[in-house]
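Asks: If it helps, the file is called work17.txt and holds compact mmCIF, C-alpha atoms:
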```
# COMPACT_ATOMS: atom_id res chain seq x y z
CA MET A 1 83.51 143.03 91.96
CA VAL A 2 81.36 146.02 91.06
CA ARG A 3 82.27 149.60 91.98
CA TYR A 4 79.47 151.72 93.42
CA ALA A 5 79.26 155.44 94.08
CA GLN A 6 76.53 157.21 96.02
CA VAL A 7 75.84 160.82 96.91
CA ILE A 8 73.85 162.59 99.61
CA HIS A 9 73.83 166.03 101.17
CA ILE A 10 74.97 166.57 104.74
CA ARG A 11 73.43 169.36 106.76
CA PRO A 12 76.43 171.67 107.34
CA GLU A 13 75.48 172.38 110.94
CA ARG A 14 75.52 168.62 111.66
CA LEU A 15 78.79 167.83 109.89
CA ALA A 16 80.97 167.92 113.01
CA VAL A 17 78.78 165.39 114.80
CA TYR A 18 78.42 163.24 111.69
CA ARG A 19 82.20 163.09 111.41
CA GLN A 20 82.60 162.07 115.06
CA LEU A 21 80.16 159.22 114.51
CA HIS A 22 82.16 158.05 111.50
CA MET A 23 85.49 158.21 113.29
CA ALA A 24 84.09 155.46 115.51
CA VAL A 25 81.54 153.49 113.51
CA TRP A 26 79.80 150.92 115.69
CA PRO A 27 81.33 147.43 115.35
CA ALA A 28 77.92 145.88 114.63
CA VAL A 29 77.41 148.29 111.72
CA LEU A 30 80.84 147.52 110.27
CA ALA A 31 80.23 143.79 110.67
CA LYS A 32 76.91 144.02 108.82
CA ILE A 33 78.55 145.97 105.99
CA ARG A 34 81.10 143.20 105.57
CA GLU A 35 78.43 140.52 105.86
CA CYS A 36 76.52 142.25 103.07
CA ASN A 37 79.55 142.02 100.76
CA MET A 38 80.52 145.68 100.74
CA CYS A 39 84.27 146.37 100.78
CA ASN A 40 86.51 149.42 100.93
CA TYR A 41 83.68 151.73 101.87
CA THR A 42 85.06 155.26 101.80
CA ILE A 43 83.23 158.56 102.27
CA PHE A 44 84.52 161.80 100.73
CA LEU A 45 83.35 165.31 101.56
CA GLN A 46 82.65 168.16 99.15
CA GLY A 47 82.75 171.49 100.96
CA ASP A 48 80.54 171.17 104.03
CA HIS A 49 77.41 170.05 102.20
CA THR A 50 77.81 166.88 100.15
CA LEU A 51 79.04 163.36 100.89
CA TRP A 52 80.30 161.01 98.18
CA ALA A 53 80.61 157.33 99.05
CA TYR A 54 82.60 154.70 97.20
CA PHE A 55 82.50 150.98 97.83
CA GLU A 56 83.05 147.67 96.09
CA TYR A 57 80.35 145.03 96.05
CA VAL A 58 81.66 141.47 95.96
CA GLY A 59 78.42 139.52 96.37
CA ASP A 60 76.09 138.22 93.69
CA ASP A 61 72.75 139.75 94.73
CA PHE A 62 73.05 143.43 95.55
CA GLU A 63 69.34 144.01 96.15
CA ALA A 64 69.10 141.08 98.55
CA ASP A 65 72.19 142.19 100.48
CA MET A 66 70.89 145.74 100.77
CA ALA A 67 67.57 144.39 102.04
CA LYS A 68 69.45 142.31 104.59
CA MET A 69 71.31 145.38 105.79
CA ALA A 70 68.10 147.40 106.02
CA ALA A 71 66.54 144.67 108.16
CA ASP A 72 69.35 144.71 110.71
CA PRO A 73 68.17 146.27 114.00
CA MET A 74 71.51 147.85 114.95
CA THR A 75 71.97 149.28 111.46
CA GLN A 76 68.48 150.76 111.78
CA GLU A 77 69.55 152.41 115.06
CA TRP A 78 72.63 153.83 113.34
CA TRP A 79 70.57 155.19 110.45
CA ALA A 80 68.06 156.70 112.89
CA ILE A 81 70.90 158.86 114.21
CA CYS A 82 72.59 159.61 110.90
CA SER A 83 69.66 160.12 108.54
CA PRO A 84 68.33 163.35 110.10
CA MET A 85 71.79 164.86 109.51
CA GLN A 86 71.53 164.08 105.81
CA LYS A 87 69.32 165.29 102.99
CA PRO A 88 68.84 163.25 99.78
CA VAL A 89 69.94 164.89 96.54
CA ALA A 90 67.34 166.06 94.03
CA GLU A 91 67.91 162.95 91.89
CA ALA A 92 67.09 160.49 94.68
CA VAL A 93 64.11 158.30 93.88
CA PRO A 94 61.38 157.68 96.47
CA GLY A 95 62.73 155.43 99.21
CA GLU A 96 66.34 156.21 98.32
CA ASN A 97 68.49 157.88 100.95
CA TRP A 98 71.98 157.74 99.51
CA HIS A 99 71.49 158.13 95.73
CA ASN A 100 73.15 155.45 93.60
CA LEU A 101 75.12 156.94 90.73
CA LYS A 102 75.43 155.39 87.28
CA LYS A 103 78.74 155.08 85.53
CA LEU A 104 79.31 157.62 82.77
CA VAL A 105 80.46 154.79 80.52
CA PRO A 106 78.92 151.37 81.18
CA ILE A 107 82.00 149.42 80.18
CA GLN A 108 84.25 150.97 82.81
CA ALA A 109 85.81 148.68 85.38
CA MET B 110 97.63 152.79 97.39
CA VAL B 111 95.63 155.93 98.08
CA ARG B 112 92.00 156.37 97.02
CA TYR B 113 91.15 159.68 95.36
CA ALA B 114 87.81 161.22 94.47
CA GLN B 115 87.23 164.30 92.37
CA VAL B 116 84.15 166.22 91.30
CA ILE B 117 83.31 168.58 88.45
CA HIS B 118 80.18 169.79 86.71
CA ILE B 119 79.37 168.75 83.16
CA ARG B 120 77.40 171.10 80.95
CA PRO B 121 74.18 169.14 80.37
CA GLU B 122 73.98 170.10 76.71
CA ARG B 123 77.49 168.64 76.18
CA LEU B 124 76.96 165.40 78.11
CA ALA B 125 76.17 163.25 75.07
CA VAL B 126 79.38 164.26 73.31
CA TYR B 127 81.42 163.97 76.51
CA ARG B 128 80.13 160.42 76.93
CA GLN B 129 81.05 159.48 73.34
CA LEU B 130 84.58 160.72 73.95
CA HIS B 131 84.83 158.59 77.09
CA MET B 132 83.51 155.48 75.40
CA ALA B 133 86.65 155.64 73.28
CA VAL B 134 89.35 157.38 75.28
CA TRP B 135 92.47 157.93 73.16
CA PRO B 136 95.11 155.25 73.73
CA ALA B 137 97.79 157.88 74.42
CA VAL B 138 95.66 159.37 77.19
CA LEU B 139 95.05 155.98 78.79
CA ALA B 140 98.75 155.15 78.54
CA LYS B 141 99.71 158.41 80.27
CA ILE B 142 97.21 157.76 83.06
CA ARG B 143 98.82 154.38 83.70
CA GLU B 144 102.31 155.85 83.44
CA CYS B 145 101.32 158.41 86.09
CA ASN B 146 100.34 155.64 88.51
CA MET B 147 96.57 156.09 88.39
CA CYS B 148 94.55 152.85 88.46
CA ASN B 149 90.89 151.90 88.24
CA TYR B 150 89.84 155.33 87.06
CA THR B 151 86.04 155.36 87.01
CA ILE B 152 83.66 158.25 86.31
CA PHE B 153 80.13 158.34 87.72
CA LEU B 154 77.33 160.69 86.71
CA GLN B 155 74.83 162.50 88.94
CA GLY B 156 71.77 163.53 86.97
CA ASP B 157 73.01 165.31 83.84
CA HIS B 158 75.15 167.90 85.61
CA THR B 159 77.88 166.47 87.84
CA LEU B 160 80.71 164.01 87.29
CA TRP B 161 82.37 162.18 90.13
CA ALA B 162 85.67 160.39 89.52
CA TYR B 163 87.31 157.69 91.58
CA PHE B 164 90.83 156.37 91.12
CA GLU B 165 93.62 154.72 93.02
CA TYR B 166 97.09 156.25 93.10
CA VAL B 167 99.90 153.73 93.40
CA GLY B 168 102.94 155.97 92.99
CA ASP B 169 104.92 157.82 95.64
CA ASP B 170 104.78 161.42 94.40
CA PHE B 171 101.27 162.46 93.41
CA GLU B 172 102.13 166.09 92.66
CA ALA B 173 105.00 165.08 90.38
CA ASP B 174 102.89 162.55 88.52
CA MET B 175 100.09 165.06 88.02
CA ALA B 176 102.62 167.57 86.70
CA LYS B 177 103.93 164.92 84.31
CA MET B 178 100.43 164.28 83.03
CA ALA B 179 99.74 167.98 82.59
CA ALA B 180 102.93 168.32 80.53
CA ASP B 181 101.94 165.59 78.08
CA PRO B 182 101.03 167.10 74.68
CA MET B 183 98.34 164.53 73.79
CA THR B 184 96.73 164.80 77.22
CA GLN B 185 96.67 168.57 76.69
CA GLU B 186 94.86 168.04 73.37
CA TRP B 187 92.34 165.78 75.13
CA TRP B 188 91.74 168.33 77.87
CA ALA B 189 91.35 171.10 75.29
CA ILE B 190 88.35 169.20 73.95
CA CYS B 191 86.91 168.08 77.28
CA SER B 192 87.44 171.11 79.50
CA PRO B 193 84.99 173.45 77.75
CA MET B 194 82.29 170.82 78.38
CA GLN B 195 82.98 170.97 82.10
CA LYS B 196 82.59 173.62 84.78
CA PRO B 197 84.54 173.47 88.07
CA VAL B 198 82.51 173.19 91.26
CA ALA B 199 82.31 176.16 93.61
CA GLU B 200 84.91 174.60 95.92
CA ALA B 201 87.59 174.32 93.24
CA VAL B 202 90.68 176.34 94.03
CA PRO B 203 92.35 178.52 91.38
CA GLY B 204 94.05 176.32 88.82
CA GLU B 205 91.96 173.29 89.78
CA ASN B 206 89.70 171.78 87.15
CA TRP B 207 88.49 168.55 88.72
CA HIS B 208 88.20 169.33 92.46
CA ASN B 209 90.02 166.92 94.76
CA LEU B 210 87.81 165.79 97.65
CA LYS B 211 89.02 165.07 101.15
CA LYS B 212 87.98 161.99 103.03
CA LEU B 213 85.32 162.53 105.68
CA VAL B 214 87.43 160.53 108.10
CA PRO B 215 91.20 160.64 107.57
CA ILE B 216 91.82 157.11 108.78
CA GLN B 217 89.62 155.47 106.15
CA ALA B 218 91.25 153.00 103.79
```
Using structure tokens, write down the structure that the file contains.

Replies:
Amino acid sequence: MVRYAQVIHIRPERLAVYRQLHMAVWPAVLAKIRECNMCNYTIFLQGDHTLWAYFEYVGDDFEADMAKMAADPMTQEWWAICSPMQKPVAEAVPGENWHNLKKLVPIQA
Amino acid sequence: MVRYAQVIHIRPERLAVYRQLHMAVWPAVLAKIRECNMCNYTIFLQGDHTLWAYFEYVGDDFEADMAKMAADPMTQEWWAICSPMQKPVAEAVPGENWHNLKKLVPIQA
């Protein structure tokens, strides 16, 4: 199991709607997350402007699973609604929406 | 078990030293963390300026355990070294160093 953390900005004026969406995530989206070996996905909020996500990856090919998720039509519909409410952080690389964080110390659990 | 996330800024010019400290956290500090019912403590880094911590709390009185940690002399020595390298985020309340984040959706795991 590998712990992941990701960060992205949320547009403050869209936060209320973004939260409503996440209080009732579509079953197909949740199913795809599980199918792609992501567990205990939890989103935290800093102020009204930044989202921090934590999850545990239990598969053995993270890139392949993320590609599988990105190819899922219903997940694409979900992202089409959510993405305009978000804004990548300055550190995001081209093509990255949520920015993957590195561990401060590589040997941490 | 309750998942916690916290955020704080790191002074970029102190990051290298801060990382060295965390590659060899003092045994007394680690022991106190465990004694205070914090598990799987992991720190992630955004760019060279922000630290994001995740941990799981398995006790039944978070405030009391945090007070116990804060009263520990060796933990105080550790913080005396680390704290000047950090800078609380704008959302931190008075007396807060690492800022506790709320979950976007209360019902999340």

Asks: Return the single residue from A:Ala16, A:Ala70, A:Leu30, A:Met1 that is closest to Asn97 of chain A, with distances computed using only C-alpha atoms.

Replies: A:Ala70

Asks: Which chain B residues have any atom within 12 Å of an atom of chain A, and for each, what is the nearest pair of atoms with distance in Å to one decimal, counting only C-alpha atoms, rows sorted by chain and number, as a tab-separated table?

Replies:
```
residue	atom	partner	partner_atom	distance
B:Val111	CA	A:Thr42	CA	11.2
B:Arg112	CA	A:Thr42	CA	8.5
B:Tyr113	CA	A:Phe44	CA	8.8
B:Ala114	CA	A:Phe44	CA	7.1
B:Gln115	CA	A:Gln46	CA	9.0
B:Val116	CA	A:Gln46	CA	8.2
B:Ile117	CA	A:Gln46	CA	10.7
B:Ile119	CA	A:Leu104	CA	11.1
B:Leu124	CA	A:Leu104	CA	9.4
B:Ala125	CA	A:Leu104	CA	10.0
B:Val126	CA	A:Leu104	CA	11.6
B:Tyr127	CA	A:Leu104	CA	9.2
B:Arg128	CA	A:Leu104	CA	6.5
B:Gln129	CA	A:Val105	CA	8.6
B:Leu130	CA	A:Val105	CA	9.8
B:His131	CA	A:Val105	CA	6.7
B:Met132	CA	A:Val105	CA	6.0
B:Ala133	CA	A:Val105	CA	9.6
B:Val134	CA	A:Val105	CA	10.6
B:Cys148	CA	A:Ala109	CA	10.2
B:Asn149	CA	A:Ala109	CA	6.7
B:Tyr150	CA	A:Ala109	CA	8.0
B:Thr151	CA	A:Gln108	CA	6.3
B:Ile152	CA	A:Leu104	CA	5.6
B:Phe153	CA	A:Lys103	CA	4.2
B:Leu154	CA	A:Leu104	CA	5.4
B:Gln155	CA	A:Leu101	CA	5.8
B:Gly156	CA	A:Glu91	CA	6.3
B:Asp157	CA	A:Glu91	CA	9.8
B:His158	CA	A:Glu91	CA	10.8
B:Thr159	CA	A:Leu104	CA	10.3
B:Leu160	CA	A:Leu104	CA	8.0
B:Trp161	CA	A:Trp52	CA	8.4
B:Ala162	CA	A:Ala5	CA	9.3
B:Tyr163	CA	A:Tyr54	CA	7.9
B:Phe164	CA	A:Tyr54	CA	10.4
B:Glu165	CA	A:Tyr54	CA	11.8
B:Val198	CA	A:Gln46	CA	9.4
B:Ala199	CA	A:Gly47	CA	8.7
B:Glu200	CA	A:Gly47	CA	6.3
B:Ala201	CA	A:Gly47	CA	9.5
B:Val202	CA	A:Gly47	CA	11.6
B:Trp207	CA	A:Gln46	CA	12.0
B:His208	CA	A:Gln46	CA	8.8
B:Asn209	CA	A:Gln46	CA	8.7
B:Leu210	CA	A:Gln46	CA	5.9
B:Lys211	CA	A:Phe44	CA	5.6
B:Lys212	CA	A:Phe44	CA	4.2
B:Leu213	CA	A:Phe44	CA	5.1
B:Val214	CA	A:Met23	CA	6.0
B:Pro215	CA	A:Met23	CA	8.4
B:Ile216	CA	A:Met23	CA	7.8
B:Gln217	CA	A:Thr42	CA	6.3
B:Ala218	CA	A:Asn40	CA	6.6
```

Asks: Figure out the distance between atom CA of Arg120 of chain B and atom CA of Gly95 of chain A, please, to one decimal in Å.

Replies: 28.2 Å

Asks: One decimal, Å: what's the distance from atom CA of Gly168 of chain B over to atom CA of Glu186 of chain B, could you say?

Replies: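 Atom CA of Glu186 of chain B lies 24.4 Å from atom CA of Gly168 of chain B.
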
Asks: For atom CA of Lys87 of chain A and atom CA of Pro73 of chain A, determine how far apart the two atoms are, in Å to one decimal place.

Replies: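 Atom-to-atom, atom CA of Lys87 of chain A to atom CA of Pro73 of chain A, that is 22.0 Å.
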
Asks: With all atoms listed in the file as the atoms that count, which of A:His9, A:Glu96, A:Lys32, A:Met85 lies nearest to Lys68 of chain A?

Replies: A:Lys32

Asks: Just checking: using all atoms listed in the file, which residue out of B:Pro121, B:Met178, B:Pro197, B:Phe171 ends up closest to Ala140 of chain B?

Replies: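 Looking only at the distances to Ala140 of chain B, the closest residue turns out to be B:Met178.
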